[in-house]
Amino acid sequence: TDGNYLCVKQFRQGIRQITTEFPAGAIEGEDAFAAARRELLEETGYESDEWKHLLTVPSDATISDNEAYLFLAKNCRKVSEQNLDETEFMNVLKLSAEEIEKRIKEGQFQQAIHITAWLLALREKGN
């Protein structure tokens with residue numbers, strides 16, 4: 001609601017780095033939209049009533065048949081504290097568009113699917 005974007009920082013074993021990225025996670029027996037809503041709430045404590053599906057795309061067609069479902073949530077509002085799994089450790093950040101762009105250019109926003117979501121969200125904002 002303040003014009004910033006919700007992001008999280010967490011350690012990613014694959015690259016052995018702390019990443020900045022958007023809230024995300026696994027589908028756990030529900031549909032993709034329900035999973036997106038749940039992950040936003042669990043990881044950040046925020047909810048939204050304004051959602052748009054941006055794209056469904058293979059997350060890495062070279063090694064798996066896993067798909068990424070990209071959603072845009074607008075006007076998020078804080079309704080609770082984080083509710084993380086016992087193996088999750090992450091910090092919530094509120095970043096401006098300029099800060100996200102800077103992190104992408106400096107290699108500090110390391111998830112390709114999340115950069116795709118960012119570019120699609122910018123396109124949406126322009127419409």
# chains A, B, ... in the order shown; residues from 1 in each chain; ligands from 1
>>> select_by_dssp(residues="chain A", states="strand (DSSP E or B)", output="compact mmCIF listing (two decimals) with all heavy atoms, in the first residue's frame")
# COMPACT_ATOMS: atom_id res chain seq x y z
N TYR A 5 7.68 -2.84 -2.65
CA TYR A 5 7.47 -4.24 -3.02
C TYR A 5 7.98 -5.13 -1.91
O TYR A 5 9.06 -4.91 -1.37
CB TYR A 5 8.21 -4.55 -4.33
CG TYR A 5 7.68 -3.73 -5.48
CD1 TYR A 5 8.13 -2.45 -5.71
CD2 TYR A 5 6.70 -4.25 -6.32
CE1 TYR A 5 7.62 -1.68 -6.76
CE2 TYR A 5 6.19 -3.49 -7.37
CZ TYR A 5 6.65 -2.21 -7.57
OH TYR A 5 6.14 -1.46 -8.60
N LEU A 6 7.19 -6.16 -1.58
CA LEU A 6 7.58 -7.10 -0.54
C LEU A 6 8.58 -8.11 -1.10
O LEU A 6 8.31 -8.76 -2.11
CB LEU A 6 6.37 -7.85 -0.01
CG LEU A 6 5.40 -7.04 0.82
CD1 LEU A 6 4.13 -7.84 1.09
CD2 LEU A 6 6.04 -6.60 2.12
N CYS A 7 9.69 -8.23 -0.44
CA CYS A 7 10.73 -9.20 -0.80
C CYS A 7 11.17 -9.92 0.46
O CYS A 7 10.86 -9.50 1.57
CB CYS A 7 11.94 -8.49 -1.42
SG CYS A 7 11.58 -7.66 -2.97
N VAL A 8 11.89 -11.01 0.27
CA VAL A 8 12.46 -11.73 1.40
C VAL A 8 13.94 -11.99 1.11
O VAL A 8 14.35 -12.09 -0.04
CB VAL A 8 11.73 -13.06 1.68
CG1 VAL A 8 10.31 -12.80 2.15
CG2 VAL A 8 11.71 -13.98 0.47
N LYS A 9 14.70 -12.08 2.19
CA LYS A 9 16.11 -12.48 2.10
C LYS A 9 16.24 -13.82 2.80
O LYS A 9 15.75 -13.98 3.92
CB LYS A 9 17.02 -11.46 2.78
CG LYS A 9 17.19 -10.18 1.99
CD LYS A 9 18.20 -9.28 2.65
CE LYS A 9 19.57 -9.75 2.23
NZ LYS A 9 20.64 -8.80 2.44
N GLN A 10 16.90 -14.77 2.11
CA GLN A 10 17.11 -16.08 2.71
C GLN A 10 18.30 -16.77 2.07
O GLN A 10 18.70 -16.45 0.96
CB GLN A 10 15.86 -16.95 2.58
CG GLN A 10 15.45 -17.28 1.17
CD GLN A 10 14.17 -18.09 1.13
OE1 GLN A 10 13.99 -19.01 1.91
NE2 GLN A 10 13.28 -17.73 0.23
N PHE A 11 18.86 -17.73 2.81
CA PHE A 11 20.00 -18.49 2.31
C PHE A 11 19.51 -19.54 1.33
O PHE A 11 18.55 -20.26 1.59
CB PHE A 11 20.74 -19.18 3.47
CG PHE A 11 21.93 -19.96 3.02
CD1 PHE A 11 23.10 -19.32 2.66
CD2 PHE A 11 21.87 -21.34 2.92
CE1 PHE A 11 24.21 -20.05 2.23
CE2 PHE A 11 22.97 -22.08 2.50
CZ PHE A 11 24.14 -21.42 2.16
N ARG A 12 20.19 -19.64 0.17
CA ARG A 12 19.88 -20.65 -0.84
C ARG A 12 21.07 -21.57 -0.98
O ARG A 12 22.16 -21.15 -1.39
CB ARG A 12 19.54 -19.99 -2.18
CG ARG A 12 18.23 -19.23 -2.16
CD ARG A 12 17.09 -20.18 -1.91
NE ARG A 12 15.80 -19.54 -2.10
CZ ARG A 12 14.66 -20.16 -1.97
NH1 ARG A 12 14.63 -21.44 -1.64
NH2 ARG A 12 13.53 -19.53 -2.16
N GLN A 17 24.43 -18.72 -1.10
CA GLN A 17 24.36 -17.27 -0.89
C GLN A 17 23.02 -16.90 -0.27
O GLN A 17 22.04 -17.63 -0.42
CB GLN A 17 24.49 -16.52 -2.21
CG GLN A 17 25.83 -16.61 -2.87
CD GLN A 17 25.84 -15.83 -4.18
OE1 GLN A 17 25.01 -14.96 -4.43
NE2 GLN A 17 26.80 -16.13 -5.03
N ILE A 18 23.01 -15.75 0.36
CA ILE A 18 21.76 -15.16 0.81
C ILE A 18 21.20 -14.40 -0.38
O ILE A 18 21.88 -13.57 -0.98
CB ILE A 18 21.96 -14.24 2.02
CG1 ILE A 18 22.46 -15.06 3.21
CG2 ILE A 18 20.67 -13.49 2.35
CD1 ILE A 18 22.85 -14.24 4.41
N THR A 19 19.96 -14.72 -0.75
CA THR A 19 19.34 -14.10 -1.90
C THR A 19 18.27 -13.10 -1.47
O THR A 19 17.71 -13.18 -0.38
CB THR A 19 18.65 -15.15 -2.81
OG1 THR A 19 17.59 -15.76 -2.06
CG2 THR A 19 19.63 -16.20 -3.29
N THR A 20 18.01 -12.16 -2.35
CA THR A 20 16.84 -11.29 -2.24
C THR A 20 15.89 -11.75 -3.33
O THR A 20 16.30 -11.92 -4.48
CB THR A 20 17.21 -9.81 -2.44
OG1 THR A 20 18.18 -9.43 -1.48
CG2 THR A 20 15.97 -8.92 -2.31
N GLU A 21 14.65 -11.98 -2.99
CA GLU A 21 13.68 -12.48 -3.95
C GLU A 21 12.28 -12.15 -3.48
O GLU A 21 12.10 -11.59 -2.40
CB GLU A 21 13.84 -13.99 -4.13
CG GLU A 21 13.73 -14.77 -2.84
CD GLU A 21 14.20 -16.20 -2.95
OE1 GLU A 21 15.36 -16.44 -3.32
OE2 GLU A 21 13.38 -17.09 -2.67
N TYR A 46 1.67 -10.75 5.28
CA TYR A 46 0.83 -9.84 4.49
C TYR A 46 -0.21 -10.62 3.69
O TYR A 46 0.01 -11.78 3.33
CB TYR A 46 1.68 -9.03 3.51
CG TYR A 46 2.43 -7.88 4.14
CD1 TYR A 46 3.57 -8.10 4.90
CD2 TYR A 46 2.00 -6.57 3.95
CE1 TYR A 46 4.26 -7.05 5.47
CE2 TYR A 46 2.69 -5.51 4.52
CZ TYR A 46 3.83 -5.76 5.28
OH TYR A 46 4.51 -4.71 5.84
N GLU A 47 -1.34 -9.94 3.42
CA GLU A 47 -2.40 -10.47 2.56
C GLU A 47 -2.74 -9.44 1.49
O GLU A 47 -2.43 -8.26 1.64
CB GLU A 47 -3.68 -10.75 3.36
CG GLU A 47 -3.63 -11.94 4.24
CD GLU A 47 -4.95 -12.21 4.93
OE1 GLU A 47 -5.78 -11.27 5.06
OE2 GLU A 47 -5.15 -13.35 5.36
N GLU A 50 -6.15 -8.22 -4.15
CA GLU A 50 -5.99 -7.85 -5.56
C GLU A 50 -4.88 -8.69 -6.19
O GLU A 50 -3.71 -8.33 -6.13
CB GLU A 50 -5.65 -6.37 -5.69
CG GLU A 50 -6.72 -5.44 -5.17
CD GLU A 50 -6.29 -3.99 -5.27
OE1 GLU A 50 -5.81 -3.59 -6.36
OE2 GLU A 50 -6.43 -3.27 -4.27
N TRP A 51 -5.27 -9.80 -6.80
CA TRP A 51 -4.32 -10.74 -7.39
C TRP A 51 -4.52 -10.83 -8.89
O TRP A 51 -5.65 -10.75 -9.38
CB TRP A 51 -4.52 -12.12 -6.79
CG TRP A 51 -4.05 -12.25 -5.38
CD1 TRP A 51 -4.75 -11.90 -4.26
CD2 TRP A 51 -2.81 -12.78 -4.93
NE1 TRP A 51 -4.01 -12.18 -3.14
CE2 TRP A 51 -2.82 -12.72 -3.53
CE3 TRP A 51 -1.69 -13.29 -5.58
CZ2 TRP A 51 -1.75 -13.16 -2.76
CZ3 TRP A 51 -0.63 -13.74 -4.81
CH2 TRP A 51 -0.66 -13.66 -3.41
N LYS A 52 -3.43 -11.05 -9.58
CA LYS A 52 -3.50 -11.30 -11.02
C LYS A 52 -2.48 -12.39 -11.37
O LYS A 52 -1.32 -12.30 -10.97
CB LYS A 52 -3.20 -10.04 -11.81
CG LYS A 52 -3.24 -10.31 -13.31
CD LYS A 52 -3.24 -9.07 -14.13
CE LYS A 52 -3.27 -9.49 -15.57
NZ LYS A 52 -4.10 -8.76 -16.40
N HIS A 53 -2.92 -13.39 -12.12
CA HIS A 53 -2.02 -14.42 -12.63
C HIS A 53 -1.25 -13.80 -13.80
O HIS A 53 -1.85 -13.29 -14.74
CB HIS A 53 -2.81 -15.65 -13.08
CG HIS A 53 -1.95 -16.69 -13.70
ND1 HIS A 53 -1.95 -16.93 -15.05
CD2 HIS A 53 -1.05 -17.55 -13.16
CE1 HIS A 53 -1.09 -17.91 -15.31
NE2 HIS A 53 -0.53 -18.30 -14.19
N LEU A 54 0.08 -13.83 -13.74
CA LEU A 54 0.91 -13.25 -14.79
C LEU A 54 1.36 -14.27 -15.82
O LEU A 54 1.38 -13.99 -17.01
CB LEU A 54 2.14 -12.58 -14.18
CG LEU A 54 1.88 -11.42 -13.23
CD1 LEU A 54 3.18 -10.96 -12.59
CD2 LEU A 54 1.18 -10.28 -13.94
N LEU A 55 1.75 -15.47 -15.36
CA LEU A 55 2.33 -16.45 -16.27
C LEU A 55 2.53 -17.77 -15.55
O LEU A 55 2.83 -17.79 -14.35
CB LEU A 55 3.70 -15.94 -16.76
CG LEU A 55 4.48 -16.79 -17.76
CD1 LEU A 55 3.78 -16.81 -19.12
CD2 LEU A 55 5.90 -16.24 -17.91
N THR A 56 2.39 -18.86 -16.28
CA THR A 56 2.83 -20.17 -15.83
C THR A 56 3.89 -20.62 -16.82
O THR A 56 3.66 -20.61 -18.02
CB THR A 56 1.66 -21.17 -15.81
OG1 THR A 56 0.66 -20.69 -14.89
CG2 THR A 56 2.13 -22.55 -15.36
N VAL A 57 5.08 -20.98 -16.29
CA VAL A 57 6.21 -21.28 -17.15
C VAL A 57 7.06 -22.37 -16.49
O VAL A 57 7.16 -22.42 -15.26
CB VAL A 57 7.04 -19.98 -17.40
CG1 VAL A 57 7.61 -19.42 -16.12
CG2 VAL A 57 8.13 -20.19 -18.42
N PRO A 58 7.68 -23.27 -17.28
CA PRO A 58 8.61 -24.23 -16.67
C PRO A 58 9.72 -23.47 -15.93
O PRO A 58 10.27 -22.50 -16.45
CB PRO A 58 9.17 -25.00 -17.86
CG PRO A 58 8.14 -24.86 -18.93
CD PRO A 58 7.55 -23.48 -18.73
N GLU A 67 6.71 -26.46 -12.81
CA GLU A 67 6.26 -25.19 -13.35
C GLU A 67 6.25 -24.13 -12.27
O GLU A 67 5.97 -24.42 -11.10
CB GLU A 67 4.85 -25.32 -13.95
CG GLU A 67 4.83 -26.13 -15.21
CD GLU A 67 3.47 -26.15 -15.86
OE1 GLU A 67 2.46 -26.37 -15.14
OE2 GLU A 67 3.40 -25.92 -17.08
N ALA A 68 6.52 -22.89 -12.67
CA ALA A 68 6.40 -21.74 -11.79
C ALA A 68 5.14 -20.99 -12.17
O ALA A 68 4.89 -20.72 -13.35
CB ALA A 68 7.62 -20.83 -11.94
N TYR A 69 4.34 -20.67 -11.17
CA TYR A 69 3.11 -19.91 -11.35
C TYR A 69 3.39 -18.51 -10.81
O TYR A 69 3.61 -18.36 -9.61
CB TYR A 69 1.96 -20.56 -10.60
CG TYR A 69 1.65 -21.96 -11.06
CD1 TYR A 69 2.35 -23.05 -10.56
CD2 TYR A 69 0.67 -22.18 -12.02
CE1 TYR A 69 2.07 -24.33 -10.99
CE2 TYR A 69 0.38 -23.47 -12.46
CZ TYR A 69 1.09 -24.53 -11.94
OH TYR A 69 0.81 -25.81 -12.36
N LEU A 70 3.39 -17.53 -11.67
CA LEU A 70 3.74 -16.17 -11.27
C LEU A 70 2.47 -15.35 -11.07
O LEU A 70 1.64 -15.25 -11.98
CB LEU A 70 4.62 -15.52 -12.32
CG LEU A 70 5.86 -16.32 -12.74
CD1 LEU A 70 6.66 -15.54 -13.77
CD2 LEU A 70 6.71 -16.68 -11.56
N PHE A 71 2.34 -14.77 -9.89
CA PHE A 71 1.18 -13.95 -9.54
C PHE A 71 1.66 -12.57 -9.08
O PHE A 71 2.73 -12.44 -8.49
CB PHE A 71 0.38 -14.58 -8.40
CG PHE A 71 -0.35 -15.83 -8.77
CD1 PHE A 71 0.25 -17.08 -8.58
CD2 PHE A 71 -1.63 -15.78 -9.29
CE1 PHE A 71 -0.42 -18.25 -8.91
CE2 PHE A 71 -2.31 -16.94 -9.63
CZ PHE A 71 -1.71 -18.18 -9.43
N LEU A 72 0.82 -11.58 -9.31
CA LEU A 72 1.04 -10.23 -8.82
C LEU A 72 -0.01 -9.96 -7.75
O LEU A 72 -1.21 -10.15 -8.00
CB LEU A 72 0.89 -9.23 -9.97
CG LEU A 72 0.93 -7.75 -9.61
CD1 LEU A 72 2.29 -7.36 -9.03
CD2 LEU A 72 0.62 -6.91 -10.85
N ALA A 73 0.42 -9.56 -6.57
CA ALA A 73 -0.49 -9.19 -5.47
C ALA A 73 -0.30 -7.70 -5.21
O ALA A 73 0.81 -7.27 -4.91
CB ALA A 73 -0.18 -10.00 -4.23
N LYS A 74 -1.37 -6.95 -5.33
CA LYS A 74 -1.30 -5.50 -5.12
C LYS A 74 -1.90 -5.11 -3.78
O LYS A 74 -2.75 -5.82 -3.24
CB LYS A 74 -2.05 -4.77 -6.23
CG LYS A 74 -1.43 -4.90 -7.60
CD LYS A 74 -2.23 -4.08 -8.60
CE LYS A 74 -1.62 -4.13 -9.98
NZ LYS A 74 -2.39 -3.34 -10.94
N ARG A 77 -1.43 -5.83 2.73
CA ARG A 77 -1.54 -5.24 4.06
C ARG A 77 -1.09 -6.26 5.10
O ARG A 77 -1.36 -7.45 4.97
CB ARG A 77 -2.96 -4.77 4.33
CG ARG A 77 -3.95 -5.89 4.36
CD ARG A 77 -5.40 -5.43 4.24
NE ARG A 77 -6.29 -6.57 4.21
CZ ARG A 77 -6.49 -7.35 3.16
NH1 ARG A 77 -5.89 -7.11 2.01
NH2 ARG A 77 -7.31 -8.38 3.23
N LYS A 78 -0.40 -5.78 6.12
CA LYS A 78 0.12 -6.67 7.17
C LYS A 78 -1.02 -7.08 8.09
O LYS A 78 -1.74 -6.22 8.60
CB LYS A 78 1.21 -5.96 7.97
CG LYS A 78 1.86 -6.86 8.99
CD LYS A 78 3.30 -6.51 9.17
CE LYS A 78 3.93 -7.31 10.26
NZ LYS A 78 4.58 -8.50 9.83
N MET A 90 14.04 -16.33 7.19
CA MET A 90 14.06 -15.25 6.21
C MET A 90 13.64 -13.94 6.84
O MET A 90 12.92 -13.92 7.83
CB MET A 90 13.19 -15.58 5.00
CG MET A 90 11.72 -15.74 5.28
SD MET A 90 10.79 -16.28 3.83
CE MET A 90 11.41 -17.91 3.58
N ASN A 91 14.13 -12.88 6.24
CA ASN A 91 13.79 -11.53 6.65
C ASN A 91 12.95 -10.88 5.56
O ASN A 91 13.23 -11.05 4.38
CB ASN A 91 15.05 -10.70 6.88
CG ASN A 91 15.89 -11.23 8.01
OD1 ASN A 91 15.37 -11.61 9.05
ND2 ASN A 91 17.19 -11.28 7.80
N VAL A 92 11.94 -10.13 5.98
CA VAL A 92 11.09 -9.41 5.04
C VAL A 92 11.69 -8.04 4.78
O VAL A 92 12.14 -7.35 5.70
CB VAL A 92 9.66 -9.25 5.61
CG1 VAL A 92 8.77 -8.45 4.66
CG2 VAL A 92 9.05 -10.60 5.90
N LEU A 93 11.71 -7.66 3.50
CA LEU A 93 12.18 -6.34 3.09
C LEU A 93 11.09 -5.66 2.29
O LEU A 93 10.36 -6.31 1.54
CB LEU A 93 13.40 -6.45 2.16
CG LEU A 93 14.62 -7.20 2.63
CD1 LEU A 93 15.59 -7.36 1.47
CD2 LEU A 93 15.28 -6.44 3.74
N LYS A 94 10.98 -4.36 2.43
CA LYS A 94 10.12 -3.57 1.55
C LYS A 94 11.04 -2.70 0.72
O LYS A 94 11.72 -1.83 1.25
CB LYS A 94 9.14 -2.74 2.38
CG LYS A 94 8.09 -3.64 3.02
CD LYS A 94 7.13 -3.03 4.00
CE LYS A 94 6.71 -1.64 3.87
NZ LYS A 94 5.65 -1.23 4.80
N LEU A 95 11.09 -3.00 -0.59
CA LEU A 95 12.02 -2.32 -1.48
C LEU A 95 11.27 -1.47 -2.51
O LEU A 95 10.21 -1.87 -3.00
CB LEU A 95 12.89 -3.33 -2.22
CG LEU A 95 13.76 -4.26 -1.37
CD1 LEU A 95 14.49 -5.25 -2.25
CD2 LEU A 95 14.74 -3.45 -0.54
>>> select_by_dssp(residues="chain A", states="helix (DSSP H, G or I)", output="count of residues only")
37
>>> residues_around(residues="stretch 26-31 of chain A", least_positions_apart="4", cutoff="12 Å", atoms="only C-alpha atoms", output="ChimeraX atom specification")
/A:35-40,42,66-69
>>> atom_distance(atom1="atom CA of A:Gly126", atom2="atom CA of A:Glu99")
18.5 Å
>>> residues_around(residues="A:Leu119", least_positions_apart="2", cutoff="12 Å", atoms="only C-alpha atoms", output="short mmCIF file (atom, residue, chain, number, x, y, z; two decimals) with N, CA and C atoms, in the first residue's frame")
data_model
loop_
_atom_site.label_atom_id
_atom_site.label_comp_id
_atom_site.auth_asym_id
_atom_site.auth_seq_id
_atom_site.Cartn_x
_atom_site.Cartn_y
_atom_site.Cartn_z
N LEU A 54 0.08 -13.83 -13.74
CA LEU A 54 0.91 -13.25 -14.79
C LEU A 54 1.36 -14.27 -15.82
N LEU A 55 1.75 -15.47 -15.36
CA LEU A 55 2.33 -16.45 -16.27
C LEU A 55 2.53 -17.77 -15.55
N LEU A 70 3.39 -17.53 -11.67
CA LEU A 70 3.74 -16.17 -11.27
C LEU A 70 2.47 -15.35 -11.07
N LEU A 72 0.82 -11.58 -9.31
CA LEU A 72 1.04 -10.23 -8.82
C LEU A 72 -0.01 -9.96 -7.75
N ALA A 97 10.98 0.27 -6.32
CA ALA A 97 11.28 -0.22 -7.67
C ALA A 97 12.74 0.05 -8.01
N ILE A 100 15.00 -2.52 -6.32
CA ILE A 100 14.95 -3.83 -6.98
C ILE A 100 15.76 -3.79 -8.27
N GLU A 101 15.59 -2.75 -9.06
CA GLU A 101 16.36 -2.61 -10.30
C GLU A 101 17.86 -2.61 -10.01
N ILE A 104 19.00 -6.14 -9.12
CA ILE A 104 19.06 -6.99 -10.31
C ILE A 104 20.33 -6.70 -11.08
N ALA A 112 16.13 -16.25 -11.43
CA ALA A 112 15.68 -15.89 -12.78
C ALA A 112 14.17 -15.80 -12.89
N ILE A 113 13.46 -16.73 -12.27
CA ILE A 113 11.99 -16.70 -12.32
C ILE A 113 11.46 -15.44 -11.63
N HIS A 114 12.13 -15.01 -10.58
CA HIS A 114 11.69 -13.81 -9.85
C HIS A 114 11.95 -12.55 -10.68
N ILE A 115 13.03 -12.55 -11.43
CA ILE A 115 13.29 -11.43 -12.35
C ILE A 115 12.23 -11.42 -13.45
N THR A 116 11.85 -12.59 -13.94
CA THR A 116 10.77 -12.67 -14.93
C THR A 116 9.48 -12.09 -14.34
N ALA A 117 9.16 -12.45 -13.11
CA ALA A 117 7.96 -11.91 -12.45
C ALA A 117 8.05 -10.39 -12.35
N ALA A 121 5.49 -7.78 -13.98
CA ALA A 121 4.78 -6.83 -13.11
C ALA A 121 4.95 -5.40 -13.61
N LEU A 122 6.15 -5.07 -14.08
CA LEU A 122 6.38 -3.73 -14.63
C LEU A 122 5.52 -3.51 -15.87
N ARG A 123 5.41 -4.53 -16.70
CA ARG A 123 4.57 -4.44 -17.89
C ARG A 123 3.11 -4.20 -17.48
N GLU A 124 2.67 -4.90 -16.45
CA GLU A 124 1.30 -4.75 -15.95
C GLU A 124 1.07 -3.32 -15.46
N LYS A 125 2.06 -2.79 -14.76
CA LYS A 125 1.95 -1.44 -14.21
C LYS A 125 1.81 -0.41 -15.32
N GLY A 126 2.46 -0.69 -16.45
CA GLY A 126 2.41 0.23 -17.59
C GLY A 126 1.08 0.20 -18.34
#
>>> closest_residue(among="A:Ser59, A:Ala32, A:Gln108, A:Asp49", to="A:Asn75", atoms="only C-alpha atoms")
A:Asp49
>>> atom_distance(atom1="atom CA of A:Gln111", atom2="atom CA of A:Asn83")
22.7 Å
